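Some notes on the structure that comes next.
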There are 2 protein chains.
Amino acid sequence: MGAHYTLEDILEMEPHFRGLFVNSLSGYKSANLIGTVDKNGHTNLSIVSSVVHLGANPPLIGFIQRPVSVDRHTYDNITETNVYTINAVSEDIIERAHQTSARYEKLQSEFDCCDLRPEFKSSWPAPFVKESPLKLGVSFQQEIDIELNGTKLIIGKIEHIHLENSEVIAPDGHIDISRIRLAAISSLDGYSIPESPVRYSYAKPNVPLQQLGK
Amino acid sequence: MGAHYTLEDILEMEPHFRGLFVNSLSGYKSANLIGTVDKNGHTNLSIVSSVVHLGANPPLIGFIQRPVSVDRHTYDNITETNVYTINAVSEDIIERAHQTSARYEKLQSEFDCCDLRPEFKSSWPAPFVKESPLKLGVSFQQEIDIELNGTKLIIGKIEHIHLENSEVIAPDGHIDISRIRLAAISSLDGYSIPESPVRYSYAKPNVPLQQLGK
């Protein structure tokens, strides 16, 4: 049976229920681990489901930082060092990645606590996640305050890409992320591993779409 | 075999290749149709893969508007009327939803051109997509310019939710969007239908995670 909820219904929901419910409404989300380090060399790792593509040229990528009163280690490290990494969560590290959302103390590294290995390469000062099949080295560009709810859009430029298996790149540039077993997140705590996608041709008015070969 | 790309490599890519490639890097994306109407009653429908959850209380949702020189019907209608709808793309409307990305003229409605039906209900002035199993009525709150590349973050508040099947809501508020067959997008043109997710318990330091029952 169908259901209709209004804004008033949402505002009256029990907070934990509302969190799971409203987080379900936007659909599937990417699963990524953000790696940072402070100026004393303490590493930090945090799972985020709000990474969003902003543009290809230059390659810009964003994520939503929750109010910094709640969770500020990642934010502090990014604004202190101007670098971070974005590491895709794949099937075999879902549980360890989810565990990084626990509230560890500042000097406890989630790498150690969650059994993931920091990897420094390409002379990039922020730690990659060794176990991730798709790792981005990102330079901090700008933070934009969203005053409506105290969140921030953190914008970075992609400076390095490390892809575990270059065979998943099609001749036209499309990466089949299902073949490196990336996870999609639903709501706050649901993880799926989608199968290989169906691709459609570039849409034009009055021209039937074609499915593209794999 | 592994591959390493630098920013310089990305900037030198052929533009079509770069678009598909860089759009793959953020992982899975939500698939939604944004419905709008202008003050003369002309409807518009546009697929977006950049819808992002911003907060649950109040329920705020954003999407990235490409430079308005490229695609401005949706943007013009939202800023003219202050209302829009966000409609999840499910398995049976993927092809019609993808076709809305073709460049139709301003007075051609993608509803008509792409065989999707506008539905007006809950006294909401913007058109929902009748075929979508999860439809949001959204009020425009704010636009934030991202000067780095001429895009905008469009922020709205969720005022109405229409869910086709209320049985997919768990007692704790989690919506199993796989049971309404929602699509996930990869890169610019790949569509997958994930299966039911594995859910994990709220993470706490030094407490083993539990899988939650379905």
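By order of appearance in the structure tokens: chains A, B, ..., then residues from 1 within every chain, and ligands from 1 in the order shown.
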Next on the checklist: If DSSP is run on the backbone, what residues of chain A are strand (DSSP E)? A reply as number ranges by chain would be ideal.
Outcome noted: A: 3-6, 29-30, 32-37, 43-48, 52-56, 59-65, 83-88, 118-119, 128-129, 134-146, 151-163, 184-186, 190-192, 198-200, 211-212
Next on the checklist: For the helix (DSSP H, G or I) assignment from backbone DSSP, which residues of segment 13-181 of chain B qualify? Please present them as a ChimeraX atom specification.
Outcome noted: /B:15-24,73-81,91-99,110-113,166-168
What are the nearest atom pairs, with distances in Å to one decimal, for all residues of segment 10-75 of chain A that come at most 9 Å from segment 9-24 of chain B, using only C-alpha atoms, set out by chain and rising residue number as a tab-separated table?
residue	atom	partner	partner_atom	distance
A:His53	CA	B:Asn23	CA	6.5
A:Leu54	CA	B:Asn23	CA	8.9
A:Gly55	CA	B:Asn23	CA	7.9
A:Ala56	CA	B:Val22	CA	5.6
A:Asn57	CA	B:Leu11	CA	6.8
A:Pro58	CA	B:Leu11	CA	7.0
A:Pro59	CA	B:Val22	CA	6.7
A:Leu60	CA	B:Val22	CA	8.9
Could you dump the residues just selected with C-alpha atoms as a PDB file, in the first residue's frame?
ATOM      1  CA  HIS A  53      31.159  14.493  -8.882  1.00  0.00           C
ATOM      2  CA  LEU A  54      31.404  18.234  -9.537  1.00  0.00           C
ATOM      3  CA  GLY A  55      33.148  18.381 -12.896  1.00  0.00           C
ATOM      4  CA  ALA A  56      35.555  16.600 -15.220  1.00  0.00           C
ATOM      5  CA  ASN A  57      37.667  19.508 -16.473  1.00  0.00           C
ATOM      6  CA  PRO A  58      39.213  20.355 -14.120  1.00  0.00           C
ATOM      7  CA  PRO A  59      38.450  17.133 -12.225  1.00  0.00           C
ATOM      8  CA  LEU A  60      36.607  18.380  -9.128  1.00  0.00           C
TER       9      LEU A  60
END
Next on the checklist: Report as a PyMOL selection string all protein, DNA and RNA residues lying within 7 Å of segment 101-105 of chain A, evaluated on only C-alpha atoms, omitting residues in the same chain fewer than 4 positions from it.
Outcome noted: (chain A and resi 46-47) or (chain B and resi 203-205)
Emit the selected residues as a compact mmCIF listing (two decimals), in the first residue's frame, including N, CA and C atoms.
# COMPACT_ATOMS: atom_id res chain seq x y z
N SER A 46 37.90 7.97 7.55
CA SER A 46 36.49 8.19 7.83
C SER A 46 35.65 7.79 6.63
N ILE A 47 34.60 7.00 6.84
CA ILE A 47 33.73 6.62 5.73
C ILE A 47 32.74 7.74 5.45
N ALA B 203 28.24 1.66 14.56
CA ALA B 203 29.61 1.31 14.96
C ALA B 203 30.02 2.04 16.24
N LYS B 204 30.64 1.30 17.17
CA LYS B 204 31.21 1.87 18.39
C LYS B 204 32.62 1.34 18.54
N PRO B 205 33.52 2.14 19.15
CA PRO B 205 34.89 1.66 19.32
C PRO B 205 34.92 0.34 20.09
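Nearest residue to Ser132 of chain A, choosing from A:Arg117, A:Arg72, A:Lys106, A:Arg66 and counting only C-alpha atoms: A:Arg117.
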Next on the checklist: Residues within 7 Å of Ser186 of chain A, please, as a list in words. Count only C-alpha atoms; anything in the same chain fewer than 6 positions from it doesn't count.
Outcome noted: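 Surrounding residues, per the criterion: Ser24, Gly27, Tyr28 and Lys29 of chain A.
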Write the selection just made, keeping all heavy atoms, as a JSON list (two decimals), in the first residue's frame?
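Produced file again.json, reproduced below:
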[["chain", "number", "residue", "atom", "x", "y", "z"],
["A", 24, "SER", "N", 17.40, 7.46, 3.35],
["A", 24, "SER", "CA", 17.04, 6.51, 2.29],
["A", 24, "SER", "C", 16.49, 7.20, 1.05],
["A", 24, "SER", "O", 16.43, 6.59, -0.02],
["A", 24, "SER", "CB", 15.94, 5.56, 2.80],
["A", 24, "SER", "OG", 16.33, 4.87, 3.97],
["A", 27, "GLY", "N", 18.31, 7.82, -2.64],
["A", 27, "GLY", "CA", 18.72, 6.70, -3.49],
["A", 27, "GLY", "C", 20.11, 6.20, -3.14],
["A", 27, "GLY", "O", 20.62, 6.47, -2.05],
["A", 28, "TYR", "N", 20.72, 5.48, -4.06],
["A", 28, "TYR", "CA", 22.03, 4.88, -3.80],
["A", 28, "TYR", "C", 23.12, 5.94, -3.71],
["A", 28, "TYR", "O", 23.08, 6.95, -4.40],
["A", 28, "TYR", "CB", 22.38, 3.85, -4.87],
["A", 28, "TYR", "CG", 21.53, 2.63, -4.73],
["A", 28, "TYR", "CD1", 20.43, 2.42, -5.56],
["A", 28, "TYR", "CD2", 21.76, 1.71, -3.71],
["A", 28, "TYR", "CE1", 19.60, 1.31, -5.40],
["A", 28, "TYR", "CE2", 20.93, 0.60, -3.54],
["A", 28, "TYR", "CZ", 19.87, 0.41, -4.38],
["A", 28, "TYR", "OH", 19.05, -0.68, -4.20],
["A", 29, "LYS", "N", 24.09, 5.66, -2.85],
["A", 29, "LYS", "CA", 25.19, 6.59, -2.61],
["A", 29, "LYS", "C", 26.52, 5.87, -2.77],
["A", 29, "LYS", "O", 26.60, 4.66, -2.59],
["A", 29, "LYS", "CB", 25.08, 7.13, -1.17],
["A", 29, "LYS", "CG", 23.81, 7.91, -0.94],
["A", 29, "LYS", "CD", 23.68, 8.40, 0.48],
["A", 29, "LYS", "CE", 22.90, 7.43, 1.34],
["A", 29, "LYS", "NZ", 22.29, 8.06, 2.53]]
Checklist entry - When distances are computed from only C-alpha atoms, which of B:Asn165, B:Gln211, B:Gln65, B:Thr81 shows the smallest separation from Gly150 of chain B? => result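 When distances to Gly150 of chain B are compared using only C-alpha atoms, the smallest one comes from B:Gln65.
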Checklist entry - By how many Å are atom CA of Ser90 of chain A and atom CA of Val129 of chain A apart? => result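 Atom CA of Val129 of chain A lies at a distance of 11.3 Å from atom CA of Ser90 of chain A.
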Next on the checklist: Report, in Å with one decimal, the straight-line distance from atom CA of Glu131 of chain B to atom CA of Arg179 of chain B.
Outcome noted: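 For atom CA of Glu131 of chain B relative to atom CA of Arg179 of chain B, the distance reads 15.3 Å.
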